[in-house]
$ cat model11.tsv   # TSV, C-alpha atoms
chain	number	residue	atom	x	y	z
A	1217	MET	CA	17.83	0.70	14.50
A	1218	ASP	CA	21.24	0.98	12.90
A	1219	GLN	CA	21.21	4.58	11.71
A	1220	SER	CA	24.08	3.80	9.38
A	1221	LYS	CA	21.71	1.46	7.51
A	1222	THR	CA	18.77	3.86	7.44
A	1223	PRO	CA	18.60	6.46	4.65
A	1224	ALA	CA	19.02	9.95	6.05
A	1225	GLN	CA	15.77	11.15	4.47
A	1226	ARG	CA	13.84	8.53	6.46
A	1227	ILE	CA	15.17	9.72	9.83
A	1228	GLY	CA	13.46	12.34	11.92
A	1229	GLU	CA	14.52	14.26	14.99
A	1230	ALA	CA	12.39	16.21	17.42
A	1231	ALA	CA	12.66	17.91	20.78
A	1232	ILE	CA	9.80	16.60	22.89
A	1233	ARG	CA	8.60	18.22	26.10
A	1234	VAL	CA	7.05	15.73	28.49
A	1235	LEU	CA	4.37	17.18	30.75
A	1236	GLY	CA	2.42	15.83	33.67
A	1237	PRO	CA	-1.40	15.92	33.91
A	1238	ASP	CA	-1.22	19.42	35.38
A	1239	ARG	CA	0.97	20.57	32.46
A	1240	THR	CA	4.03	20.70	34.71
A	1241	PRO	CA	7.25	19.61	32.93
A	1242	LEU	CA	8.50	16.23	34.10
A	1243	ALA	CA	12.14	17.01	34.90
A	1244	ARG	CA	14.85	14.38	35.14
A	1245	ARG	CA	12.33	11.66	34.39
A	1246	SER	CA	13.23	8.33	32.76
A	1247	ILE	CA	11.01	7.94	29.69
A	1248	ARG	CA	10.58	4.81	27.60
A	1249	VAL	CA	10.25	5.38	23.86
A	1250	ALA	CA	9.02	2.67	21.48
A	1251	GLN	CA	8.32	2.83	17.78
A	1252	THR	CA	4.94	1.43	16.72
A	1253	SER	CA	4.77	2.19	12.99
A	1254	HIS	CA	6.62	3.57	9.98
A	1255	ALA	CA	5.68	6.81	8.24
A	1256	PHE	CA	6.67	4.96	5.07
A	1257	HIS	CA	3.89	2.59	3.97
A	1258	PHE	CA	5.19	-0.98	3.91
A	1259	GLY	CA	2.10	-2.77	2.68
A	1260	CYS	CA	0.63	-6.02	1.42
A	1261	THR	CA	-2.69	-7.21	0.07
A	1262	GLY	CA	-5.12	-8.59	2.62
A	1263	PHE	CA	-7.69	-10.33	0.43
A	1264	GLU	CA	-7.53	-13.64	2.30
A	1265	PHE	CA	-8.38	-11.93	5.59
A	1266	ILE	CA	-11.83	-10.72	4.46
A	1267	PRO	CA	-13.64	-14.00	5.23
A	1268	HIS	CA	-11.45	-14.40	8.32
A	1269	ALA	CA	-12.46	-10.99	9.68
A	1270	ASN	CA	-16.10	-11.78	8.94
A	1271	GLY	CA	-15.99	-15.12	10.78
A	1272	GLU	CA	-16.80	-17.11	7.65
A	1273	LEU	CA	-14.00	-19.68	7.81
A	1274	ALA	CA	-13.86	-23.00	9.60
A	1275	GLY	CA	-11.59	-26.00	9.88
A	1276	ARG	CA	-8.42	-26.05	7.80
A	1277	GLU	CA	-9.22	-22.83	5.97
A	1278	ARG	CA	-9.52	-20.93	9.23
A	1279	GLU	CA	-6.33	-22.43	10.63
A	1280	ALA	CA	-4.43	-21.59	7.43
A	1281	VAL	CA	-5.38	-17.92	7.64
A	1282	ARG	CA	-4.78	-17.82	11.39
A	1283	ARG	CA	-1.20	-18.96	10.74
A	1284	LEU	CA	-0.75	-16.09	8.29
A	1285	GLU	CA	-2.22	-13.45	10.62
A	1286	PRO	CA	0.78	-12.95	12.95
A	1287	LEU	CA	3.18	-13.00	10.02
A	1288	TRP	CA	1.24	-10.28	8.21
A	1289	LEU	CA	0.84	-8.10	11.28
A	1290	ASP	CA	4.47	-8.47	12.34
A	1291	LEU	CA	5.74	-7.18	9.01
A	1292	PHE	CA	3.27	-4.79	7.39
A	1293	GLY	CA	1.49	-1.60	8.36
A	1294	ALA	CA	-0.67	-0.92	5.29
A	1295	VAL	CA	-3.19	-3.14	3.53
A	1296	THR	CA	-4.81	-3.11	0.09
A	1297	LEU	CA	-8.36	-4.48	-0.03
A	1298	PRO	CA	-10.19	-5.48	-3.25
A	1299	PHE	CA	-13.01	-3.38	-4.69
A	1300	TYR	CA	-13.07	-5.08	-8.10
A	1301	TRP	CA	-16.51	-4.17	-9.38
A	1302	SER	CA	-17.31	-7.66	-10.72
A	1303	ARG	CA	-16.82	-9.17	-7.25
A	1304	PHE	CA	-17.88	-6.21	-5.14
A	1305	GLU	CA	-21.23	-5.72	-6.90
A	1306	PRO	CA	-21.97	-8.76	-9.12
A	1307	VAL	CA	-25.68	-7.97	-8.78
A	1308	ARG	CA	-26.65	-4.38	-9.47
A	1309	GLY	CA	-27.57	-2.54	-6.30
A	1310	ALA	CA	-26.16	-5.17	-3.95
A	1311	PRO	CA	-22.56	-4.11	-3.16
A	1312	ASP	CA	-20.43	-6.09	-0.71
A	1313	SER	CA	-19.97	-3.02	1.47
A	1314	ASP	CA	-20.64	-4.62	4.85
A	1315	ARG	CA	-18.03	-7.39	4.49
A	1316	LEU	CA	-15.39	-4.97	3.22
A	1317	ARG	CA	-16.16	-2.58	6.05
A	1318	VAL	CA	-15.72	-5.33	8.64
A	1319	ALA	CA	-12.39	-6.29	7.05
A	1320	ALA	CA	-11.17	-2.69	6.90
A	1321	GLU	CA	-12.10	-2.16	10.55
A	1322	TRP	CA	-10.32	-5.41	11.47
A	1323	PHE	CA	-7.09	-4.09	9.95
A	1324	ARG	CA	-7.51	-0.61	11.41
A	1325	ARG	CA	-7.90	-2.03	14.93
A	1326	ARG	CA	-4.56	-3.73	14.40
A	1327	GLY	CA	-2.85	-0.50	13.41
A	1328	ALA	CA	-2.86	-0.78	9.62
A	1329	THR	CA	-3.85	1.93	7.17
A	1330	VAL	CA	-6.24	0.74	4.44
A	1331	LYS	CA	-6.28	1.32	0.69
A	1332	GLY	CA	-9.09	0.45	-1.74
A	1333	HIS	CA	-8.24	-1.02	-5.15
A	1334	PRO	CA	-9.61	-0.11	-7.73
A	1335	LEU	CA	-12.62	2.12	-8.38
A	1336	CYS	CA	-12.44	2.23	-12.19
A	1337	TRP	CA	-10.93	-0.65	-14.18
A	1338	HIS	CA	-12.02	-2.25	-17.42
A	1339	THR	CA	-10.90	-5.69	-16.23
A	1340	GLU	CA	-13.27	-7.26	-13.71
A	1341	SER	CA	-15.91	-4.62	-14.33
A	1342	ALA	CA	-19.45	-5.54	-13.28
A	1343	PRO	CA	-21.05	-7.89	-15.84
A	1344	TRP	CA	-24.41	-6.12	-15.72
A	1345	LEU	CA	-22.81	-2.98	-17.18
A	1346	LEU	CA	-22.97	-4.67	-20.59
A	1347	GLU	CA	-26.75	-4.32	-20.48
A	1348	LEU	CA	-26.53	-0.51	-20.24
A	1349	SER	CA	-25.83	2.28	-22.68
A	1350	VAL	CA	-22.46	4.03	-22.58
A	1351	GLU	CA	-24.00	7.06	-20.87
A	1352	GLU	CA	-25.72	4.86	-18.31
A	1353	VAL	CA	-22.42	3.10	-17.55
A	1354	ARG	CA	-20.73	6.47	-17.10
A	1355	GLU	CA	-23.42	7.52	-14.62
A	1356	GLU	CA	-23.18	4.21	-12.74
A	1357	LEU	CA	-19.39	4.50	-12.58
A	1358	LEU	CA	-19.48	7.96	-11.05
A	1359	ARG	CA	-22.20	6.93	-8.60
A	1360	ARG	CA	-20.09	3.93	-7.58
A	1361	ILE	CA	-17.04	6.12	-6.98
A	1362	GLU	CA	-19.04	8.58	-4.89
A	1363	ARG	CA	-20.67	5.76	-2.92
A	1364	GLU	CA	-17.43	3.95	-2.04
A	1365	VAL	CA	-15.22	6.97	-1.38
A	1366	ALA	CA	-17.81	8.80	0.72
A	1367	GLY	CA	-19.15	5.67	2.40
A	1368	PHE	CA	-15.72	4.49	3.58
A	1369	ALA	CA	-14.31	7.95	4.38
A	1370	GLY	CA	-12.32	7.94	7.60
A	1371	LEU	CA	-11.82	4.20	7.32
A	1372	ILE	CA	-10.36	3.96	3.81
A	1373	ASP	CA	-8.75	7.22	2.74
A	1374	THR	CA	-6.44	5.98	-0.02
A	1375	TRP	CA	-7.83	4.81	-3.38
A	1376	ASP	CA	-6.62	3.61	-6.75
A	1377	VAL	CA	-9.18	5.72	-8.59
A	1378	VAL	CA	-8.33	4.57	-12.11
A	1379	ASN	CA	-6.35	1.42	-12.83
A	1380	GLU	CA	-4.49	0.93	-16.14
A	1381	ALA	CA	-5.86	3.94	-18.00
A	1382	VAL	CA	-3.24	3.72	-20.75
A	1383	ILE	CA	-4.65	0.52	-22.23
A	1384	MET	CA	-8.27	1.14	-21.21
A	1385	PRO	CA	-9.65	2.77	-24.42
A	1386	VAL	CA	-7.96	0.23	-26.72
A	1387	PHE	CA	-8.57	-2.91	-24.68
A	1388	ASP	CA	-10.19	-5.51	-26.95
A	1389	ARG	CA	-9.66	-8.90	-25.35
A	1390	TYR	CA	-13.26	-9.19	-24.21
A	1391	PRO	CA	-16.31	-6.90	-23.94
A	1392	ASN	CA	-16.63	-4.78	-20.82
A	1393	GLY	CA	-18.62	-1.77	-19.77
A	1394	ILE	CA	-15.73	0.60	-19.01
A	1395	THR	CA	-13.75	0.61	-22.27
A	1396	PRO	CA	-16.58	2.26	-24.27
A	1397	VAL	CA	-16.77	5.01	-21.63
A	1398	ALA	CA	-13.02	5.57	-21.92
A	1399	GLN	CA	-13.37	5.70	-25.70
A	1400	ARG	CA	-16.13	8.30	-25.52
A	1401	LEU	CA	-14.51	10.53	-22.90
A	1402	GLY	CA	-10.90	9.91	-23.84
A	1403	ARG	CA	-8.29	9.08	-21.24
A	1404	LEU	CA	-8.04	12.65	-19.99
A	1405	GLY	CA	-11.80	13.12	-19.90
A	1406	LEU	CA	-12.19	9.91	-17.92
A	1407	LEU	CA	-9.59	11.03	-15.40
A	1408	ARG	CA	-11.20	14.44	-15.04
A	1409	GLU	CA	-14.59	12.99	-14.14
A	1410	THR	CA	-13.51	10.08	-11.96
A	1411	PHE	CA	-10.95	12.02	-9.91
A	1412	ALA	CA	-13.24	15.04	-9.50
A	1413	THR	CA	-15.99	12.74	-8.20
A	1414	ALA	CA	-13.61	11.03	-5.77
A	1415	ARG	CA	-12.22	14.34	-4.51
A	1416	ALA	CA	-15.71	15.75	-3.90
A	1417	ALA	CA	-16.70	12.57	-2.04
A	1418	ASN	CA	-13.72	12.77	0.34
A	1419	PRO	CA	-11.56	15.91	0.10
A	1420	ALA	CA	-9.02	14.39	2.52
A	1421	ALA	CA	-8.45	11.19	0.51
A	1422	THR	CA	-5.19	10.27	-1.22
A	1423	LEU	CA	-6.10	9.57	-4.85
A	1424	LEU	CA	-3.88	7.48	-7.13
A	1425	LEU	CA	-3.58	6.82	-10.83
A	1426	ASN	CA	-2.14	3.32	-11.14
A	1427	ASP	CA	-0.65	1.49	-14.14
A	1428	PHE	CA	1.56	-1.38	-15.31
A	1429	ASP	CA	2.38	0.44	-18.57
A	1430	LEU	CA	5.43	2.46	-17.57
A	1431	SER	CA	6.14	3.65	-21.10
A	1432	GLU	CA	6.14	7.24	-22.32
A	1433	SER	CA	2.38	6.89	-22.79
A	1434	TYR	CA	1.88	6.87	-19.03
A	1435	GLU	CA	4.17	9.85	-18.62
A	1436	ARG	CA	2.27	11.81	-21.27
A	1437	LEU	CA	-1.05	10.99	-19.65
A	1438	LEU	CA	0.22	12.12	-16.26
A	1439	SER	CA	1.53	15.36	-17.74
A	1440	GLU	CA	-1.76	16.07	-19.49
A	1441	ALA	CA	-3.81	15.25	-16.41
A	1442	LEU	CA	-1.74	17.33	-14.02
A	1443	ASP	CA	-1.65	20.27	-16.46
A	1444	ALA	CA	-5.44	20.02	-16.64
A	1445	GLY	CA	-5.76	20.15	-12.86
A	1446	VAL	CA	-6.81	16.55	-12.29
A	1447	PRO	CA	-6.36	16.03	-8.53
A	1448	ILE	CA	-3.90	13.13	-8.62
A	1449	ASP	CA	-2.15	12.87	-5.25
A	1450	ALA	CA	0.25	9.99	-5.93
A	1451	ILE	CA	1.50	7.89	-8.82
A	1452	GLY	CA	0.96	4.14	-8.72
A	1453	ILE	CA	3.63	1.94	-10.30
A	1454	GLN	CA	3.04	-1.78	-10.78
A	1455	SER	CA	6.11	-4.00	-10.70
A	1456	HIS	CA	5.15	-7.63	-11.21
A	1457	MET	CA	8.52	-9.25	-11.85
A	1458	HIS	CA	7.34	-12.74	-12.79
A	1459	GLN	CA	9.79	-12.72	-15.69
A	1460	GLY	CA	12.79	-11.68	-13.64
A	1461	TYR	CA	14.06	-8.99	-11.32
A	1462	TRP	CA	14.35	-5.60	-12.97
A	1463	GLY	CA	17.59	-4.72	-11.20
A	1464	GLU	CA	18.78	-1.47	-9.69
A	1465	GLU	CA	19.58	0.21	-12.99
A	1466	GLN	CA	16.15	-0.28	-14.59
A	1467	THR	CA	14.36	0.49	-11.34
A	1468	GLY	CA	16.46	3.64	-10.94
A	1469	ARG	CA	15.52	4.84	-14.40
A	1470	ILE	CA	11.83	4.37	-13.66
A	1471	LEU	CA	12.19	6.19	-10.36
A	1472	GLU	CA	13.78	9.22	-11.97
A	1473	ARG	CA	11.28	9.36	-14.84
A	1474	TYR	CA	8.31	9.46	-12.50
A	1475	ALA	CA	9.86	11.40	-9.63
A	1476	ARG	CA	10.04	14.43	-11.93
A	1477	PHE	CA	6.30	14.96	-11.48
A	1478	GLY	CA	6.88	15.92	-7.85
A	1479	LEU	CA	4.27	13.50	-6.50
A	1480	PRO	CA	4.80	10.61	-4.07
A	1481	LEU	CA	5.45	7.31	-5.83
A	1482	HIS	CA	3.56	4.24	-4.63
A	1483	TRP	CA	5.00	0.94	-5.83
A	1484	SER	CA	1.51	-0.40	-5.66
A	1485	GLU	CA	1.86	-4.01	-6.81
A	1486	THR	CA	5.21	-5.69	-6.30
A	1487	THR	CA	6.09	-9.35	-6.90
A	1488	ILE	CA	9.33	-11.32	-7.24
A	1489	VAL	CA	9.02	-15.07	-7.75
A	1490	SER	CA	10.89	-17.83	-5.94
A	1491	GLY	CA	10.50	-20.46	-8.64
A	1492	ASP	CA	11.11	-20.79	-12.35
A	1493	LEU	CA	10.67	-17.51	-14.22
A	1494	MET	CA	7.81	-16.90	-16.62
A	1495	PRO	CA	9.07	-17.01	-20.25
A	1496	GLY	CA	10.16	-13.60	-21.50
A	1497	HIS	CA	8.08	-13.75	-24.68
A	1498	ILE	CA	4.82	-13.53	-22.70
A	1499	VAL	CA	3.42	-10.01	-23.17
A	1500	ASP	CA	0.31	-10.26	-20.99
A	1501	LEU	CA	1.21	-12.04	-17.76
A	1502	ASN	CA	-2.34	-13.37	-17.56
A	1503	ASP	CA	-1.61	-15.54	-20.61
A	1504	TRP	CA	0.71	-17.74	-18.54
A	1505	GLN	CA	-1.60	-20.29	-16.97
A	1506	VAL	CA	-0.05	-23.32	-15.25
A	1507	GLU	CA	-1.54	-25.80	-12.79
A	1508	ALA	CA	1.65	-26.06	-10.71
A	1509	TRP	CA	4.27	-23.36	-10.27
A	1510	PRO	CA	6.33	-24.43	-7.27
A	1511	SER	CA	8.74	-22.50	-5.15
A	1512	THR	CA	12.24	-24.02	-5.30
A	1513	PRO	CA	15.31	-23.81	-3.04
A	1514	GLU	CA	17.26	-22.16	-5.86
A	1515	GLY	CA	14.42	-19.74	-6.51
A	1516	GLU	CA	14.09	-18.83	-2.85
A	1517	ALA	CA	17.81	-18.05	-2.66
A	1518	ARG	CA	17.43	-15.80	-5.68
A	1519	GLN	CA	14.25	-14.19	-4.32
A	1520	VAL	CA	15.74	-13.21	-0.97
A	1521	ASP	CA	18.63	-11.43	-2.64
A	1522	GLU	CA	16.36	-9.59	-5.06
A	1523	VAL	CA	13.77	-8.61	-2.46
A	1524	VAL	CA	16.42	-7.03	-0.25
A	1525	ARG	CA	17.98	-5.17	-3.16
A	1526	HIS	CA	14.60	-3.98	-4.45
A	1527	TYR	CA	13.36	-2.68	-1.10
A	1528	ARG	CA	16.63	-0.95	-0.37
A	1529	THR	CA	16.53	0.76	-3.77
A	1530	LEU	CA	13.00	2.02	-3.19
A	1531	TYR	CA	13.46	3.00	0.46
A	1532	GLU	CA	16.56	4.99	-0.37
A	1533	HIS	CA	14.75	7.09	-2.99
A	1534	PRO	CA	13.07	10.16	-1.44
A	1535	ALA	CA	10.15	10.15	-3.89
A	1536	VAL	CA	8.90	6.71	-2.86
A	1537	ALA	CA	6.24	6.76	-0.14
A	1538	ALA	CA	4.85	3.22	-0.28
A	1539	VAL	CA	5.60	-0.32	-1.42
A	1540	THR	CA	2.87	-2.98	-1.53
A	1541	TRP	CA	3.75	-6.67	-1.83
A	1542	TRP	CA	1.12	-8.47	-3.89
A	1543	GLY	CA	0.18	-11.57	-1.93
A	1544	LEU	CA	1.71	-12.71	1.35
A	1545	ALA	CA	1.52	-16.42	0.49
A	1546	ASP	CA	2.24	-18.28	-2.75
A	1547	GLY	CA	-0.54	-18.63	-5.28
A	1548	ALA	CA	-2.25	-15.29	-4.67
A	1549	TRP	CA	-2.07	-14.36	-8.37
A	1550	LEU	CA	-1.56	-16.58	-11.45
A	1551	ASN	CA	-0.70	-19.46	-9.12
A	1552	ALA	CA	2.79	-17.96	-8.92
A	1553	PRO	CA	5.34	-18.62	-6.16
A	1554	ASN	CA	5.64	-14.90	-5.54
A	1555	GLY	CA	4.70	-14.99	-1.86
A	1556	LEU	CA	6.96	-14.27	1.07
A	1557	VAL	CA	5.36	-17.31	2.69
A	1558	ARG	CA	5.10	-20.80	1.19
A	1559	ALA	CA	1.78	-22.45	0.45
A	1560	ASP	CA	2.14	-24.46	3.68
A	1561	GLY	CA	2.31	-21.26	5.75
A	1562	THR	CA	6.03	-21.30	6.51
A	1563	PRO	CA	8.05	-18.11	5.94
A	1564	LYS	CA	10.60	-18.04	3.13
A	1565	PRO	CA	14.06	-16.54	3.55
A	1566	ALA	CA	12.72	-13.42	1.80
A	1567	PHE	CA	10.21	-12.90	4.61
A	1568	GLU	CA	12.92	-13.13	7.25
A	1569	ALA	CA	15.21	-10.79	5.34
A	1570	LEU	CA	12.47	-8.21	4.77
A	1571	HIS	CA	11.54	-8.44	8.44
A	1572	GLN	CA	15.16	-7.71	9.31
A	1573	LEU	CA	15.04	-4.55	7.19
A	1574	ILE	CA	11.63	-3.20	8.21
A	1575	ARG	CA	11.54	-4.20	11.88
A	1576	ASP	CA	15.22	-4.06	12.78
A	1577	ASP	CA	17.56	-2.13	10.48
A	1578	TRP	CA	14.95	0.59	9.82
A	1579	TRP	CA	13.20	0.43	13.22
A	1580	LEU	CA	14.12	2.09	16.50
A	1581	SER	CA	14.19	-0.50	19.28
A	1582	PRO	CA	12.56	0.49	22.59
A	1583	THR	CA	14.90	2.78	24.44
A	1584	GLU	CA	15.11	4.78	27.67
A	1585	LEU	CA	15.65	8.54	27.49
A	1586	THR	CA	15.87	11.05	30.33
A	1587	THR	CA	14.27	14.49	30.28
A	1588	ASP	CA	16.27	17.56	31.23
A	1589	GLU	CA	15.42	20.11	33.91
A	1590	ALA	CA	12.72	21.66	31.70
A	1591	GLY	CA	11.18	18.32	30.74
A	1592	TRP	CA	12.74	18.11	27.28
A	1593	LEU	CA	14.21	15.06	25.56
A	1594	THR	CA	15.50	14.56	22.03
A	1595	LEU	CA	14.12	11.72	19.95
A	1596	ARG	CA	15.98	10.67	16.81
A	1597	GLY	CA	14.80	7.69	14.82
A	1598	THR	CA	12.96	6.41	11.79
A	1599	ALA	CA	10.00	8.62	10.93
A	1600	GLY	CA	6.76	7.17	12.22
A	1601	ARG	CA	4.58	6.78	15.28
A	1602	TYR	CA	6.02	6.33	18.77
A	1603	THR	CA	4.68	5.75	22.25
A	1604	ILE	CA	6.28	7.71	25.06
A	1605	GLY	CA	5.66	6.66	28.65
A	1606	ASP	CA	6.96	6.73	32.21
A	1607	GLY	CA	5.70	3.31	33.28
A	1608	LEU	CA	2.43	4.69	34.61
A	1609	SER	CA	0.92	6.24	31.50
A	1610	SER	CA	1.85	6.82	27.88
A	1611	ALA	CA	1.12	9.07	24.92
A	1612	THR	CA	1.60	8.85	21.16
A	1613	VAL	CA	3.64	11.15	18.93
A	1614	GLU	CA	4.32	11.28	15.20
A	1615	LEU	CA	8.00	11.77	14.39
A	1616	PRO	CA	8.26	13.50	11.00
A	1617	THR	CA	11.12	13.21	8.56
A	1618	GLY	CA	13.72	15.93	8.29
A	1619	GLY	CA	12.84	19.44	9.28
A	1620	ASP	CA	14.66	21.85	11.57
A	1621	ASP	CA	13.74	22.67	15.14
A	1622	VAL	CA	10.80	20.23	15.35
A	1623	ARG	CA	9.22	20.64	18.78
A	1624	LEU	CA	6.43	18.48	20.18
A	1625	GLU	CA	4.63	18.16	23.49
A	1626	VAL	CA	3.14	15.10	25.15
A	1627	GLU	CA	1.08	14.97	28.30
A	1628	LEU	CA	1.23	11.90	30.50
A	1629	GLY	CA	-1.80	11.19	32.62
A	1630	PRO	CA	-1.98	10.40	36.33
$ encode --input "model11.tsv" --output "structure tokens"
Amino acid sequence: MDQSKTPAQRIGEAAIRVLGPDRTPLARRSIRVAQTSHAFHFGCTGFEFIPHANGELAGREREAVRRLEPLWLDLFGAVTLPFYWSRFEPVRGAPDSDRLRVAAEWFRRRGATVKGHPLCWHTESAPWLLELSVEEVREELLRRIEREVAGFAGLIDTWDVVNEAVIMPVFDRYPNGITPVAQRLGRLGLLRETFATARAANPAATLLLNDFDLSESYERLLSEALDAGVPIDAIGIQSHMHQGYWGEEQTGRILERYARFGLPLHWSETTIVSGDLMPGHIVDLNDWQVEAWPSTPEGEARQVDEVVRHYRTLYEHPAVAAVTWWGLADGAWLNAPNGLVRADGTPKPAFEALHQLIRDDWWLSPTELTTDEAGWLTLRGTAGRYTIGDGLSSATVELPTGGDDVRLEVELGP
């Protein structure tokens, strides 16, 4: 780690007392310290790994995902898994819980934290909801939230509870079961009920409101919800830049507007393309449908520069707690070349550059420290999880950001 490249607010320092199995301080002992994760959530979607984790792939499909696996695990420490109601429960009463649980456990065993996305969204809502009354849909929605949040508690403890609430009551592109509920309850009423249900189902969960509409409408809704006591823990900000990089100035303005709420900001869906840009006149990105949207050498050169600038801007802002890249490989959404990996499984320059930031510039390399006469050593590095060992045994500590006089103890076994 080059501490000159790491923002000061991301660095922690702690005095750590290293004890033997009998609680005796290990004096003048050489101790190896190695970082194993960031406190900051550098994340990516993991949709393609669900069939892989469940052993459903064979042949070329299995080999393609197996090539992506080490790339994903070497870069990211947080995963978003899909709970779109239309796919998760296409038949009423038959949710895809078992497959999602296997996938979540697969990521957890590999050290990743898991987020579920989303619980309430008008797009991709279950088709069978259209057969029910508005009140019946409301009841089904709340039951679904309780079922997922409680059922996955301890495994998935971060949720996008409501996705795109700003447009939800006025959405008219096609019939769905959720928009009429949002119309009846109002945006605030919908947030009250959905977030209260999620909080009761798992009091320890981190609950997000997530949106692409970053206008004053989103700010007003957040203000109203927080004033009303809706238990929103973090603010989700979508940043699909298919039409061009926003730049530091625009991103900075968004950061300041939403940081004022005093909640962690999660840049929940981030994309920057490495091919031709989507035309600027397109309002709904879903309207841009093309059979081929290739990555280009010129686009990849542009993408690497913009990815580095974007991540540095976000990592340097103290309000940002998470960034999620939307699709490791090209074609994950709208057939766009927004991946960090090409369709053939080879990393783009943007992958290598982001790896340099996350796993080098902002990462403490394994180092040897020596305890003093009382068994104390001082650890200074990027906030996150570390292993501390003497070659015979090891222990894990969490290094927090900032703080004065942080003191920890670790006990090494026989």
$ closest_residue --input "model11.tsv" --among "A:Gly1555, A:Gly1605, A:Gly1402, A:Gly1370" --to "Pro1419 of chain A" --atoms "only C-alpha atoms"
A:Gly1370
$ atom_distance --input "model11.tsv" --atom1 "atom CA of Val1613 of chain A" --atom2 "atom CA of Arg1601 of chain A"
5.8 Å
$ closest_residue --input "model11.tsv" --among "A:Gly1271, A:Gly1629, A:Pro1298, A:Gly1262" --to "Ala1328 of chain A" --atoms "all atoms listed in the file"
A:Gly1262
$ residues_around --input "model11.tsv" --residues "segment 1248-1251 of chain A" --least-positions-apart "2" --cutoff "9 Å" --atoms "only C-alpha atoms" --output "number ranges by chain"
A: 1246, 1253-1254, 1579-1586, 1595, 1597-1598, 1600-1607, 1610
$ residues_around --input "model11.tsv" --residues "Arg1528 of chain A" --least-positions-apart "4" --cutoff "10 Å" --atoms "only C-alpha atoms" --output "list in words"
Lys1221, Thr1222, Pro1223, Glu1464, Glu1522, Val1523, Val1524, Glu1532, His1533, Leu1570 and Leu1573 of chain A
$ closest_residue --input "model11.tsv" --among "A:Gly1393, A:Gly1478, A:Gly1332, A:Gly1309" --to "Ala1421 of chain A" --atoms "only C-alpha atoms"
A:Gly1332
$ closest_residue --input "model11.tsv" --among "A:Leu1335, A:Glu1364, A:Thr1261, A:His1458" --to "Leu1407 of chain A" --atoms "all atoms listed in the file"
A:Leu1335
$ closest_residue --input "model11.tsv" --among "A:Leu1287, A:Leu1493, A:Val1499, A:Leu1425" --to "Ile1448 of chain A" --atoms "all atoms listed in the file"
A:Leu1425
$ atom_distance --input "model11.tsv" --atom1 "atom CA of Trp1509 of chain A" --atom2 "atom CA of Ala1269 of chain A"
28.8 Å
$ residues_near_point --input "model11.tsv" --point "(12.4, -27.2, -11.6)" --cutoff "12 Å" --atoms "all atoms listed in the file" --output "VMD selection string"
chain A and resid 1490 to 1493 1508 to 1515
$ write_last_selection --input "model11.tsv" --atoms "C-alpha atoms" --output "PDB file, in the frame of the given file"
ATOM      1  CA  SER A1490      10.890 -17.830  -5.940  1.00  0.00           C
ATOM      2  CA  GLY A1491      10.500 -20.460  -8.640  1.00  0.00           C
ATOM      3  CA  ASP A1492      11.110 -20.790 -12.350  1.00  0.00           C
ATOM      4  CA  LEU A1493      10.670 -17.510 -14.220  1.00  0.00           C
ATOM      5  CA  ALA A1508       1.650 -26.060 -10.710  1.00  0.00           C
ATOM      6  CA  TRP A1509       4.270 -23.360 -10.270  1.00  0.00           C
ATOM      7  CA  PRO A1510       6.330 -24.430  -7.270  1.00  0.00           C
ATOM      8  CA  SER A1511       8.740 -22.500  -5.150  1.00  0.00           C
ATOM      9  CA  THR A1512      12.240 -24.020  -5.300  1.00  0.00           C
ATOM     10  CA  PRO A1513      15.310 -23.810  -3.040  1.00  0.00           C
ATOM     11  CA  GLU A1514      17.260 -22.160  -5.860  1.00  0.00           C
ATOM     12  CA  GLY A1515      14.420 -19.740  -6.510  1.00  0.00           C
TER      13      GLY A1515
END
$ residues_around --input "model11.tsv" --residues "Met1384 of chain A" --least-positions-apart "4" --cutoff "8 Å" --atoms "all atoms listed in the file" --output "list in words"
Trp1337, His1338, Glu1380, Ile1394, Thr1395, Ala1398 and Arg1403 of chain A
$ residues_around --input "model11.tsv" --residues "segment 1345-1356 of chain A" --least-positions-apart "4" --cutoff "9 Å" --atoms "only C-alpha atoms" --output "JSON, numbers by chain"
{"A": [1308, 1341, 1360, 1361, 1391, 1392, 1393, 1394, 1396, 1397, 1400]}
$ residues_around --input "model11.tsv" --residues "Glu1440 of chain A" --least-positions-apart "4" --cutoff "12 Å" --atoms "all atoms listed in the file" --output "count of residues only"
16
$ closest_residue --input "model11.tsv" --among "A:Phe1304, A:Trp1542, A:Phe1258, A:Phe1411" --to "Val1378 of chain A" --atoms "all atoms listed in the file"
A:Phe1411
$ atom_distance --input "model11.tsv" --atom1 "atom CA of Trp1301 of chain A" --atom2 "atom CA of Ser1439 of chain A"
27.9 Å
$ residues_near_point --input "model11.tsv" --point "(-10.3, -14.9, 2.3)" --cutoff "12 Å" --atoms "only C-alpha atoms" --output "list in words"
Thr1261, Gly1262, Phe1263, Glu1264, Phe1265, Ile1266, Pro1267, His1268, Ala1269, Asn1270, Gly1271, Glu1272, Leu1273, Ala1274, Glu1277, Arg1278, Glu1279, Ala1280, Val1281, Arg1282, Leu1284, Glu1285, Leu1297, Pro1298, Arg1315, Leu1316, Ala1319, Gly1543 and Ala1548 of chain A
